[in-house]
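Trainee: Have a peek at final-v5.tsv (TSV, N, CA and C atoms).
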chain	number	residue	atom	x	y	z
A	164	SER	N	107.54	110.78	107.49
A	164	SER	CA	106.48	111.49	106.82
A	164	SER	C	105.14	110.83	107.12
A	165	GLY	N	104.13	111.61	107.32
A	165	GLY	CA	102.78	111.07	107.53
A	165	GLY	C	102.70	110.09	108.66
A	166	SER	N	102.03	108.95	108.37
A	166	SER	CA	101.83	107.97	109.43
A	166	SER	C	103.10	107.20	109.77
A	167	ARG	N	104.10	107.25	108.91
A	167	ARG	CA	105.35	106.56	109.22
A	167	ARG	C	105.92	107.09	110.53
A	168	ASP	N	105.73	108.36	110.81
A	168	ASP	CA	106.21	108.93	112.06
A	168	ASP	C	105.47	108.37	113.27
A	169	LEU	N	104.27	107.84	113.08
A	169	LEU	CA	103.54	107.21	114.17
A	169	LEU	C	104.11	105.85	114.53
A	170	LEU	N	104.76	105.22	113.59
A	170	LEU	CA	105.24	103.87	113.80
A	170	LEU	C	106.57	103.83	114.55
A	171	ARG	N	107.36	104.86	114.39
A	171	ARG	CA	108.66	104.90	115.06
A	171	ARG	C	108.56	105.73	116.32
A	172	PRO	N	109.11	105.25	117.41
A	172	PRO	CA	109.10	106.05	118.64
A	172	PRO	C	110.03	107.25	118.50
A	173	VAL	N	109.74	108.27	119.27
A	173	VAL	CA	110.61	109.45	119.31
A	173	VAL	C	111.68	109.16	120.35
A	174	ARG	N	112.92	109.28	119.95
A	174	ARG	CA	114.03	108.99	120.87
A	174	ARG	C	114.51	110.29	121.50
A	175	PHE	N	114.81	110.21	122.79
A	175	PHE	CA	115.28	111.37	123.54
A	175	PHE	C	116.60	111.04	124.21
A	176	LYS	N	117.41	112.06	124.35
A	176	LYS	CA	118.65	111.95	125.12
A	176	LYS	C	118.63	113.12	126.11
A	177	LEU	N	118.75	112.77	127.36
A	177	LEU	CA	118.78	113.78	128.42
A	177	LEU	C	120.16	113.73	129.05
A	178	SER	N	120.84	114.85	129.03
A	178	SER	CA	122.15	114.90	129.67
A	178	SER	C	122.20	116.16	130.54
A	179	TYR	N	122.93	116.04	131.60
A	179	TYR	CA	123.05	117.19	132.48
A	179	TYR	C	124.43	117.22	133.10
A	180	GLU	N	124.79	118.39	133.56
A	180	GLU	CA	126.07	118.60	134.21
A	180	GLU	C	125.90	119.65	135.29
A	181	ILE	N	126.81	119.66	136.20
A	181	ILE	CA	126.78	120.66	137.26
A	181	ILE	C	127.73	121.78	136.85
A	182	ILE	N	127.19	122.96	136.78
A	182	ILE	CA	128.01	124.13	136.46
A	182	ILE	C	128.38	124.79	137.78
A	183	GLN	N	129.64	124.81	138.06
A	183	GLN	CA	130.09	125.37	139.34
A	183	GLN	C	131.49	125.94	139.15
A	184	ARG	N	131.86	126.76	140.06
A	184	ARG	CA	133.22	127.29	140.02
A	184	ARG	C	134.16	126.25	140.61
A	185	GLU	N	135.35	126.21	140.09
A	185	GLU	CA	136.35	125.26	140.58
A	185	GLU	C	136.89	125.74	141.93
A	186	PRO	N	137.05	124.82	142.87
A	186	PRO	CA	137.63	125.24	144.15
A	186	PRO	C	139.09	125.65	143.97
A	187	SER	N	139.48	126.66	144.70
A	187	SER	CA	140.88	127.08	144.62
A	187	SER	C	141.66	126.44	145.76
A	188	LEU	N	142.89	126.18	145.50
A	188	LEU	CA	143.75	125.56	146.50
A	188	LEU	C	144.05	126.61	147.58
A	189	PRO	N	143.69	126.31	148.83
A	189	PRO	CA	143.90	127.32	149.88
A	189	PRO	C	145.39	127.47	150.20
A	190	GLU	N	145.69	128.62	150.69
A	190	GLU	CA	147.08	128.84	151.12
A	190	GLU	C	147.38	127.94	152.30
A	191	GLU	N	148.65	127.68	152.46
A	191	GLU	CA	149.09	126.79	153.54
A	191	GLU	C	148.60	127.34	154.88
A	192	GLY	N	148.00	126.45	155.65
A	192	GLY	CA	147.50	126.82	156.96
A	192	GLY	C	146.05	127.28	156.95
A	193	ARG	N	145.50	127.56	155.80
A	193	ARG	CA	144.10	127.97	155.71
A	193	ARG	C	143.22	126.72	155.66
A	194	PRO	N	141.94	126.82	156.06
A	194	PRO	CA	141.07	125.63	156.02
A	194	PRO	C	140.73	125.23	154.59
A	195	LEU	N	140.46	123.95	154.41
A	195	LEU	CA	140.04	123.44	153.11
A	195	LEU	C	138.63	123.96	152.80
A	196	PRO	N	138.30	124.10	151.50
A	196	PRO	CA	136.93	124.53	151.14
A	196	PRO	C	135.92	123.49	151.63
A	197	ASN	N	134.70	123.95	151.90
A	197	ASN	CA	133.61	123.07	152.33
A	197	ASN	C	133.23	122.18	151.15
A	198	ILE	N	133.34	120.88	151.35
A	198	ILE	CA	133.06	119.92	150.27
A	198	ILE	C	131.59	119.97	149.84
A	199	ASP	N	130.67	120.41	150.70
A	199	ASP	CA	129.25	120.51	150.35
A	199	ASP	C	129.01	121.58	149.28
A	200	ASP	N	129.95	122.49	149.14
A	200	ASP	CA	129.83	123.52	148.09
A	200	ASP	C	130.23	123.00	146.72
A	201	TYR	N	130.76	121.77	146.65
A	201	TYR	CA	131.25	121.21	145.40
A	201	TYR	C	130.75	119.77	145.23
A	202	PRO	N	129.46	119.62	144.85
A	202	PRO	CA	128.92	118.27	144.69
A	202	PRO	C	129.60	117.55	143.52
A	203	ILE	N	129.55	116.23	143.58
A	203	ILE	CA	130.16	115.39	142.54
A	203	ILE	C	129.02	114.71	141.78
A	204	LEU	N	129.11	114.72	140.46
A	204	LEU	CA	128.10	114.11	139.60
A	204	LEU	C	128.62	112.77	139.09
A	205	ASP	N	127.83	111.72	139.29
A	205	ASP	CA	128.16	110.41	138.73
A	205	ASP	C	127.98	110.51	137.22
A	206	GLN	N	129.06	110.47	136.46
A	206	GLN	CA	129.02	110.68	135.02
A	206	GLN	C	128.20	109.61	134.29
A	207	GLN	N	128.12	108.40	134.83
A	207	GLN	CA	127.33	107.35	134.19
A	207	GLN	C	125.83	107.64	134.33
A	208	GLU	N	125.44	108.40	135.30
A	208	GLU	CA	124.03	108.75	135.49
A	208	GLU	C	123.69	110.11	134.87
A	209	ALA	N	124.67	110.78	134.30
A	209	ALA	CA	124.45	112.13	133.77
A	209	ALA	C	123.84	112.11	132.37
A	210	VAL	N	123.73	110.95	131.74
A	210	VAL	CA	123.14	110.82	130.41
A	210	VAL	C	122.10	109.71	130.46
A	211	LYS	N	120.89	110.03	130.00
A	211	LYS	CA	119.80	109.05	129.95
A	211	LYS	C	119.21	109.04	128.54
A	212	PHE	N	118.91	107.86	128.04
A	212	PHE	CA	118.23	107.70	126.76
A	212	PHE	C	116.86	107.07	127.04
A	213	PHE	N	115.83	107.57	126.38
A	213	PHE	CA	114.52	106.97	126.52
A	213	PHE	C	113.69	107.26	125.27
A	214	GLU	N	112.58	106.55	125.12
A	214	GLU	CA	111.73	106.67	123.94
A	214	GLU	C	110.31	107.04	124.33
A	215	GLY	N	109.68	107.80	123.46
A	215	GLY	CA	108.26	108.11	123.60
A	215	GLY	C	107.50	107.46	122.46
A	216	HIS	N	106.52	106.65	122.79
A	216	HIS	CA	105.74	105.92	121.77
A	216	HIS	C	104.40	106.62	121.56
A	217	PHE	N	103.93	106.64	120.32
A	217	PHE	CA	102.63	107.19	119.99
A	217	PHE	C	101.56	106.14	120.23
A	218	VAL	N	100.41	106.57	120.67
A	218	VAL	CA	99.27	105.65	120.83
A	218	VAL	C	98.71	105.39	119.43
A	219	LYS	N	98.71	104.12	119.02
A	219	LYS	CA	98.29	103.75	117.67
A	219	LYS	C	96.93	103.07	117.65
A	220	ASP	N	96.30	102.91	118.81
A	220	ASP	CA	94.99	102.26	118.88
A	220	ASP	C	95.07	100.84	118.30
A	221	CYS	N	96.08	100.10	118.75
A	221	CYS	CA	96.31	98.75	118.22
A	221	CYS	C	96.24	97.68	119.30
A	222	GLY	N	95.40	97.82	120.26
A	222	GLY	CA	95.25	96.80	121.28
A	222	GLY	C	96.26	96.95	122.40
A	223	SER	N	96.15	96.09	123.39
A	223	SER	CA	96.98	96.20	124.59
A	223	SER	C	98.45	95.88	124.32
A	224	ASP	N	98.74	95.09	123.27
A	224	ASP	CA	100.14	94.75	122.96
A	224	ASP	C	100.81	95.77	122.05
A	225	ASP	N	100.06	96.79	121.61
A	225	ASP	CA	100.55	97.85	120.72
A	225	ASP	C	101.04	97.31	119.37
A	226	VAL	N	100.57	96.12	118.99
A	226	VAL	CA	100.88	95.55	117.69
A	226	VAL	C	99.62	95.63	116.84
A	227	CYS	N	99.73	96.28	115.68
A	227	CYS	CA	98.57	96.44	114.80
A	227	CYS	C	98.36	95.17	113.98
A	228	ASN	N	97.21	94.55	114.14
A	228	ASN	CA	96.82	93.38	113.36
A	228	ASN	C	95.67	93.80	112.45
A	229	SER	N	96.05	94.36	111.31
A	229	SER	CA	95.03	94.79	110.36
A	229	SER	C	94.48	93.58	109.62
A	230	ASP	N	93.32	93.74	109.02
A	230	ASP	CA	92.68	92.66	108.27
A	230	ASP	C	92.16	93.28	106.98
A	231	LEU	N	93.06	93.42	106.00
A	231	LEU	CA	92.73	94.10	104.75
A	231	LEU	C	92.10	93.14	103.75
A	232	HIS	N	91.07	93.62	103.08
A	232	HIS	CA	90.38	92.86	102.03
A	232	HIS	C	90.36	93.71	100.77
A	233	THR	N	90.71	93.09	99.65
A	233	THR	CA	90.80	93.82	98.38
A	233	THR	C	89.85	93.21	97.37
A	234	GLU	N	89.15	94.08	96.66
A	234	GLU	CA	88.33	93.67	95.52
A	234	GLU	C	88.74	94.54	94.35
A	235	ALA	N	88.82	93.94	93.17
A	235	ALA	CA	89.20	94.68	91.97
A	235	ALA	C	88.32	94.25	90.81
A	236	HIS	N	87.92	95.21	90.00
A	236	HIS	CA	87.08	94.95	88.83
A	236	HIS	C	87.64	95.75	87.66
A	237	LEU	N	87.82	95.08	86.54
A	237	LEU	CA	88.25	95.75	85.33
A	237	LEU	C	86.99	96.20	84.61
A	238	ARG	N	86.87	97.48	84.37
A	238	ARG	CA	85.65	98.03	83.76
A	238	ARG	C	85.80	98.04	82.24
A	239	LEU	N	85.53	96.85	81.65
A	239	LEU	CA	85.55	96.67	80.20
A	239	LEU	C	84.29	95.91	79.80
A	240	PRO	N	83.84	96.10	78.56
A	240	PRO	CA	82.66	95.35	78.11
A	240	PRO	C	83.00	93.88	77.90
A	241	TYR	N	81.96	93.04	77.96
A	241	TYR	CA	82.13	91.60	77.72
A	241	TYR	C	81.90	91.28	76.25
A	242	ASP	N	82.43	90.13	75.82
A	242	ASP	CA	82.19	89.67	74.45
A	242	ASP	C	80.75	89.16	74.34
A	243	ASN	N	80.36	88.72	73.17
A	243	ASN	CA	78.97	88.28	72.93
A	243	ASN	C	78.56	87.12	73.83
A	244	SER	N	79.49	86.25	74.18
A	244	SER	CA	79.13	85.09	75.00
A	244	SER	C	79.16	85.44	76.50
A	245	LYS	N	79.55	86.65	76.83
A	245	LYS	CA	79.62	87.14	78.22
A	245	LYS	C	80.63	86.37	79.07
A	246	SER	N	81.61	85.71	78.39
A	246	SER	CA	82.59	84.92	79.14
A	246	SER	C	83.93	85.64	79.30
A	247	HIS	N	84.21	86.62	78.46
A	247	HIS	CA	85.49	87.34	78.52
A	247	HIS	C	85.27	88.84	78.39
A	248	GLN	N	86.07	89.58	79.10
A	248	GLN	CA	86.07	91.02	78.90
A	248	GLN	C	86.99	91.33	77.72
A	249	VAL	N	86.63	92.36	76.96
A	249	VAL	CA	87.33	92.66	75.72
A	249	VAL	C	87.87	94.08	75.75
A	250	PHE	N	89.14	94.22	75.40
A	250	PHE	CA	89.75	95.53	75.20
A	250	PHE	C	90.08	95.64	73.71
A	251	GLU	N	89.29	96.42	72.98
A	251	GLU	CA	89.47	96.53	71.53
A	251	GLU	C	90.43	97.65	71.20
A	252	LEU	N	91.56	97.27	70.61
A	252	LEU	CA	92.55	98.28	70.22
A	252	LEU	C	91.94	99.22	69.18
A	253	GLY	N	92.18	100.49	69.34
A	253	GLY	CA	91.64	101.49	68.42
A	253	GLY	C	90.31	102.04	68.86
A	254	LEU	N	89.49	101.23	69.55
A	254	LEU	CA	88.20	101.70	70.03
A	254	LEU	C	88.33	102.38	71.39
A	255	ARG	N	89.25	101.90	72.20
A	255	ARG	CA	89.44	102.43	73.55
A	255	ARG	C	90.90	102.83	73.73
A	256	ASN	N	91.10	103.82	74.57
A	256	ASN	CA	92.47	104.19	74.88
A	256	ASN	C	92.78	104.06	76.36
A	257	MET	N	91.83	103.53	77.12
A	257	MET	CA	92.11	103.30	78.53
A	257	MET	C	91.26	102.16	79.08
A	258	ALA	N	91.82	101.51	80.09
A	258	ALA	CA	91.11	100.47	80.81
A	258	ALA	C	91.07	100.90	82.27
A	259	ILE	N	89.90	100.91	82.85
A	259	ILE	CA	89.76	101.36	84.24
A	259	ILE	C	89.73	100.15	85.17
A	260	LEU	N	90.63	100.17	86.12
A	260	LEU	CA	90.67	99.15	87.15
A	260	LEU	C	90.12	99.77	88.43
A	261	GLU	N	88.98	99.27	88.86
A	261	GLU	CA	88.33	99.81	90.05
A	261	GLU	C	88.68	98.89	91.23
A	262	THR	N	89.27	99.44	92.26
A	262	THR	CA	89.67	98.64	93.42
A	262	THR	C	89.01	99.17	94.67
A	263	SER	N	88.81	98.26	95.59
A	263	SER	CA	88.26	98.60	96.90
A	263	SER	C	89.07	97.87	97.95
A	264	VAL	N	89.57	98.60	98.93
A	264	VAL	CA	90.33	98.00	100.02
A	264	VAL	C	89.62	98.36	101.32
A	265	THR	N	89.25	97.36	102.09
A	265	THR	CA	88.60	97.61	103.38
A	265	THR	C	89.42	96.94	104.48
A	266	ASN	N	89.28	97.45	105.68
A	266	ASN	CA	90.01	96.93	106.82
A	266	ASN	C	89.03	96.64	107.94
A	267	SER	N	89.00	95.39	108.41
A	267	SER	CA	88.11	95.03	109.51
A	267	SER	C	88.90	94.73	110.78
A	268	GLY	N	90.16	95.16	110.82
A	268	GLY	CA	91.01	94.92	111.99
A	268	GLY	C	91.52	96.23	112.57
A	269	ASP	N	92.67	96.14	113.21
A	269	ASP	CA	93.32	97.33	113.76
A	269	ASP	C	93.73	98.26	112.63
A	270	PRO	N	94.07	99.52	112.96
A	270	PRO	CA	94.50	100.45	111.91
A	270	PRO	C	95.67	99.88	111.10
A	271	ALA	N	95.65	100.15	109.81
A	271	ALA	CA	96.71	99.70	108.91
A	271	ALA	C	97.52	100.92	108.50
A	272	TYR	N	98.69	101.07	109.06
A	272	TYR	CA	99.54	102.19	108.72
A	272	TYR	C	100.44	101.81	107.56
A	273	GLU	N	100.56	102.72	106.61
A	273	GLU	CA	101.43	102.54	105.44
A	273	GLU	C	101.06	101.36	104.56
A	274	PRO	N	99.77	101.13	104.27
A	274	PRO	CA	99.46	100.01	103.37
A	274	PRO	C	99.84	100.37	101.94
A	275	ASN	N	100.11	99.36	101.12
A	275	ASN	CA	100.45	99.55	99.72
A	275	ASN	C	99.58	98.65	98.87
A	276	LEU	N	99.25	99.12	97.68
A	276	LEU	CA	98.53	98.33	96.69
A	276	LEU	C	99.39	98.30	95.44
A	277	TYR	N	99.73	97.11	94.99
A	277	TYR	CA	100.58	96.96	93.81
A	277	TYR	C	99.72	96.49	92.65
A	278	VAL	N	99.89	97.13	91.49
A	278	VAL	CA	99.15	96.78	90.28
A	278	VAL	C	100.17	96.45	89.19
A	279	ARG	N	100.10	95.22	88.66
A	279	ARG	CA	100.98	94.82	87.56
A	279	ARG	C	100.21	94.94	86.26
A	280	HIS	N	100.88	95.46	85.25
A	280	HIS	CA	100.23	95.61	83.95
A	280	HIS	C	101.27	95.39	82.86
A	281	HIS	N	100.79	95.20	81.65
A	281	HIS	CA	101.67	94.97	80.51
A	281	HIS	C	102.50	96.22	80.26
A	282	ASP	N	103.73	96.00	79.77
A	282	ASP	CA	104.63	97.13	79.51
A	282	ASP	C	104.08	98.11	78.48
A	283	SER	N	103.19	97.66	77.60
A	283	SER	CA	102.65	98.55	76.57
A	283	SER	C	101.64	99.54	77.12
A	284	MET	N	101.22	99.35	78.35
A	284	MET	CA	100.25	100.27	78.96
A	284	MET	C	100.97	101.23	79.91
A	285	ALA	N	100.64	102.48	79.78
A	285	ALA	CA	101.13	103.47	80.74
A	285	ALA	C	100.21	103.41	81.95
A	286	PHE	N	100.69	103.85	83.06
A	286	PHE	CA	99.90	103.76	84.30
A	286	PHE	C	99.73	105.15	84.87
A	287	SER	N	98.50	105.56	85.09
A	287	SER	CA	98.26	106.83	85.75
A	287	SER	C	97.18	106.63	86.80
A	288	ILE	N	97.18	107.47	87.80
A	288	ILE	CA	96.26	107.33	88.92
A	288	ILE	C	95.36	108.55	88.98
A	289	LYS	N	94.09	108.29	89.17
A	289	LYS	CA	93.14	109.37	89.38
A	289	LYS	C	92.32	109.04	90.61
A	290	GLU	N	92.24	109.98	91.54
A	290	GLU	CA	91.43	109.76	92.74
A	290	GLU	C	89.99	110.14	92.45
A	291	SER	N	89.08	109.33	92.92
A	291	SER	CA	87.67	109.63	92.75
A	291	SER	C	87.24	110.63	93.80
A	292	ASP	N	86.03	111.13	93.66
A	292	ASP	CA	85.49	112.12	94.59
A	292	ASP	C	84.67	111.51	95.70
A	293	VAL	N	84.62	110.19	95.78
A	293	VAL	CA	83.75	109.51	96.74
A	293	VAL	C	84.58	108.97	97.90
A	294	GLY	N	84.52	109.61	99.03
A	294	GLY	CA	85.19	109.12	100.24
A	294	GLY	C	86.65	108.82	100.02
A	295	LEU	N	87.04	107.60	100.40
A	295	LEU	CA	88.43	107.19	100.29
A	295	LEU	C	88.67	106.32	99.06
A	296	ASP	N	87.66	106.19	98.17
A	296	ASP	CA	87.81	105.38	96.98
A	296	ASP	C	88.82	106.02	96.04
A	297	VAL	N	89.62	105.20	95.39
A	297	VAL	CA	90.59	105.67	94.41
A	297	VAL	C	90.42	104.86	93.15
A	298	LEU	N	90.31	105.52	92.01
A	298	LEU	CA	90.27	104.84	90.71
A	298	LEU	C	91.65	104.81	90.13
A	299	TYR	N	92.08	103.65	89.61
A	299	TYR	CA	93.37	103.52	88.96
A	299	TYR	C	93.14	103.38	87.48
A	300	TRP	N	93.71	104.25	86.70
A	300	TRP	CA	93.51	104.24	85.26
A	300	TRP	C	94.79	103.77	84.58
A	301	CYS	N	94.69	102.74	83.77
A	301	CYS	CA	95.80	102.31	82.91
A	301	CYS	C	95.52	102.83	81.51
A	302	VAL	N	96.36	103.70	81.00
A	302	VAL	CA	96.12	104.34	79.73
A	302	VAL	C	97.06	103.76	78.68
A	303	MET	N	96.51	103.43	77.48
A	303	MET	CA	97.33	102.89	76.37
A	303	MET	C	98.13	104.01	75.75
Written as structure tokens, how would this file's structure read?
Mentor:
Amino acid sequence: SGSRDLLRPVRFKLSYEIIQREPSLPEEGRPLPNIDDYPILDQQEAVKFFEGHFVKDCGSDDVCNSDLHTEAHLRLPYDNSKSHQVFELGLRNMAILETSVTNSGDPAYEPNLYVRHHDSMAFSIKESDVGLDVLYWCVM
């Protein structure tokens, strides 16, 4: 599915056979059939396996060396001393985790972002309307 199909080569199997009529045994005294009319196929060469690789734009070695950088900010107000962010139960029902992932290397196929949260919080995802940015919402 999606880019996963770009990562795996497409495998092919090519097989062939000669379709011909079988020579009949001539009557006694008659000449043998012309052997050129009945070619022989080397059965070991009749099947070939090969792969087709997709161009992934990953350098001459075809190995993608991505360089992913992640930034995350929890969008909550700070306490009076500005030293801690505060989630006040009853006042808020969601905490917004804003993340940014950038890549300064080769293409990154199938990247994943894992977010751990307390079991008491439900997790829902909302995509933003700005480019490729995605907002992750943890809802109480």
Trainee: Could you check which of A:Ser283, A:Ser267, A:Gln248, A:Gln183 is closest to Pro202 of chain A, using only N, CA and C atoms?
Mentor: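 For Pro202 of chain A, the nearest of the given residues is A:Gln183.
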Trainee: So what do you get for atom CA of Glu214 of chain A versus atom CA of Glu273 of chain A, distance-wise?
Mentor: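 Going from atom CA of Glu214 of chain A over to atom CA of Glu273 of chain A covers 21.6 Å.
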Trainee: For atom C of Ala209 of chain A and atom CA of Pro196 of chain A, determine how far apart the two atoms are, in Å to one decimal place.
Mentor: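 Between atom C of Ala209 of chain A and atom CA of Pro196 of chain A the gap works out to 26.0 Å.
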Trainee: Name the closest residue to Thr265 of chain A among the candidates A:Ser244, A:Ser187, A:Ser229, A:Ser178; distances are taken between atoms, counting all atoms listed in the file.
Mentor: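 Smallest distance to Thr265 of chain A is found for A:Ser229.
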Trainee: In Å, with one decimal, what is the gap from atom C of Thr233 of chain A to atom C of Phe250 of chain A?
Mentor: 23.8 Å
Trainee: Need to verify the contact set: Leu177 of chain A, 5 Å, only N, CA and C atoms, exclusion of same-chain residues closer than 2 positions in sequence. Can you return it as an mmCIF file with N, CA and C atoms, in the frame of the given file?
Mentor:
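The result, stored in out.cif:
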data_model
loop_
_atom_site.group_PDB
_atom_site.id
_atom_site.type_symbol
_atom_site.label_atom_id
_atom_site.label_comp_id
_atom_site.auth_asym_id
_atom_site.auth_seq_id
_atom_site.Cartn_x
_atom_site.Cartn_y
_atom_site.Cartn_z
ATOM 1 N N PHE A 175 114.810 110.210 122.790
ATOM 2 C CA PHE A 175 115.280 111.370 123.540
ATOM 3 C C PHE A 175 116.600 111.040 124.210
ATOM 4 N N TYR A 179 122.930 116.040 131.600
ATOM 5 C CA TYR A 179 123.050 117.190 132.480
ATOM 6 C C TYR A 179 124.430 117.220 133.100
ATOM 7 N N VAL A 210 123.730 110.950 131.740
ATOM 8 C CA VAL A 210 123.140 110.820 130.410
ATOM 9 C C VAL A 210 122.100 109.710 130.460
ATOM 10 N N LYS A 211 120.890 110.030 130.000
ATOM 11 C CA LYS A 211 119.800 109.050 129.950
ATOM 12 C C LYS A 211 119.210 109.040 128.540
ATOM 13 N N PHE A 212 118.910 107.860 128.040
ATOM 14 C CA PHE A 212 118.230 107.700 126.760
ATOM 15 C C PHE A 212 116.860 107.070 127.040
#
Trainee: As a PyMOL selection string, please: all residues of chain A that backbone DSSP puts in strand (DSSP E or B).
Mentor: chain A and resi 173-178+210-215+231-238+241+248+252+255+257-266+285-290+297-302
Trainee: I'd like to know which of A:His232, A:Lys245, A:Arg255, A:His216 is closest to Pro172 of chain A, using only C-alpha atoms.
Mentor: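 Distance minimum relative to Pro172 of chain A lands on A:His216.
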Trainee: Specify the axis-aligned box that encloses all atoms of segment 178-184 of chain A listed in the file after padding of 4 Å on each side, stating its centre and edge lengths in Å to one decimal as lines of an AutoDock Vina configuration file.
Mentor:
center_x = 127.5
center_y = 121.1
center_z = 134.8
size_x = 21.3
size_y = 20.4
size_z = 19.6
Trainee: With distances taken over all atoms listed in the file, which residue among A:Val218, A:Ala235, A:Val278, A:Ile203 lies nearest Ser263 of chain A?
Mentor: A:Ala235
Trainee: Is it possible to add N, CA, C and O atoms to segment 184-198 of chain A and hand it back as a tab-separated table (two decimals), in the frame of the given file?
Mentor:
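The file below, result34.tsv, is the result:
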chain	number	residue	atom	x	y	z
A	184	ARG	N	131.86	126.76	140.06
A	184	ARG	CA	133.22	127.29	140.02
A	184	ARG	C	134.16	126.25	140.61
A	184	ARG	O	133.78	125.47	141.49
A	185	GLU	N	135.35	126.21	140.09
A	185	GLU	CA	136.35	125.26	140.58
A	185	GLU	C	136.89	125.74	141.93
A	185	GLU	O	137.14	126.95	142.11
A	186	PRO	N	137.05	124.82	142.87
A	186	PRO	CA	137.63	125.24	144.15
A	186	PRO	C	139.09	125.65	143.97
A	186	PRO	O	139.80	125.08	143.15
A	187	SER	N	139.48	126.66	144.70
A	187	SER	CA	140.88	127.08	144.62
A	187	SER	C	141.66	126.44	145.76
A	187	SER	O	141.11	126.15	146.83
A	188	LEU	N	142.89	126.18	145.50
A	188	LEU	CA	143.75	125.56	146.50
A	188	LEU	C	144.05	126.61	147.58
A	188	LEU	O	144.54	127.71	147.28
A	189	PRO	N	143.69	126.31	148.83
A	189	PRO	CA	143.90	127.32	149.88
A	189	PRO	C	145.39	127.47	150.20
A	189	PRO	O	146.19	126.56	149.97
A	190	GLU	N	145.69	128.62	150.69
A	190	GLU	CA	147.08	128.84	151.12
A	190	GLU	C	147.38	127.94	152.30
A	190	GLU	O	146.49	127.51	153.02
A	191	GLU	N	148.65	127.68	152.46
A	191	GLU	CA	149.09	126.79	153.54
A	191	GLU	C	148.60	127.34	154.88
A	191	GLU	O	148.70	128.54	155.16
A	192	GLY	N	148.00	126.45	155.65
A	192	GLY	CA	147.50	126.82	156.96
A	192	GLY	C	146.05	127.28	156.95
A	192	GLY	O	145.41	127.39	157.99
A	193	ARG	N	145.50	127.56	155.80
A	193	ARG	CA	144.10	127.97	155.71
A	193	ARG	C	143.22	126.72	155.66
A	193	ARG	O	143.66	125.66	155.20
A	194	PRO	N	141.94	126.82	156.06
A	194	PRO	CA	141.07	125.63	156.02
A	194	PRO	C	140.73	125.23	154.59
A	194	PRO	O	140.70	126.06	153.69
A	195	LEU	N	140.46	123.95	154.41
A	195	LEU	CA	140.04	123.44	153.11
A	195	LEU	C	138.63	123.96	152.80
A	195	LEU	O	137.83	124.21	153.70
A	196	PRO	N	138.30	124.10	151.50
A	196	PRO	CA	136.93	124.53	151.14
A	196	PRO	C	135.92	123.49	151.63
A	196	PRO	O	136.22	122.31	151.73
A	197	ASN	N	134.70	123.95	151.90
A	197	ASN	CA	133.61	123.07	152.33
A	197	ASN	C	133.23	122.18	151.15
A	197	ASN	O	132.82	122.65	150.09
A	198	ILE	N	133.34	120.88	151.35
A	198	ILE	CA	133.06	119.92	150.27
A	198	ILE	C	131.59	119.97	149.84
A	198	ILE	O	131.26	119.64	148.69
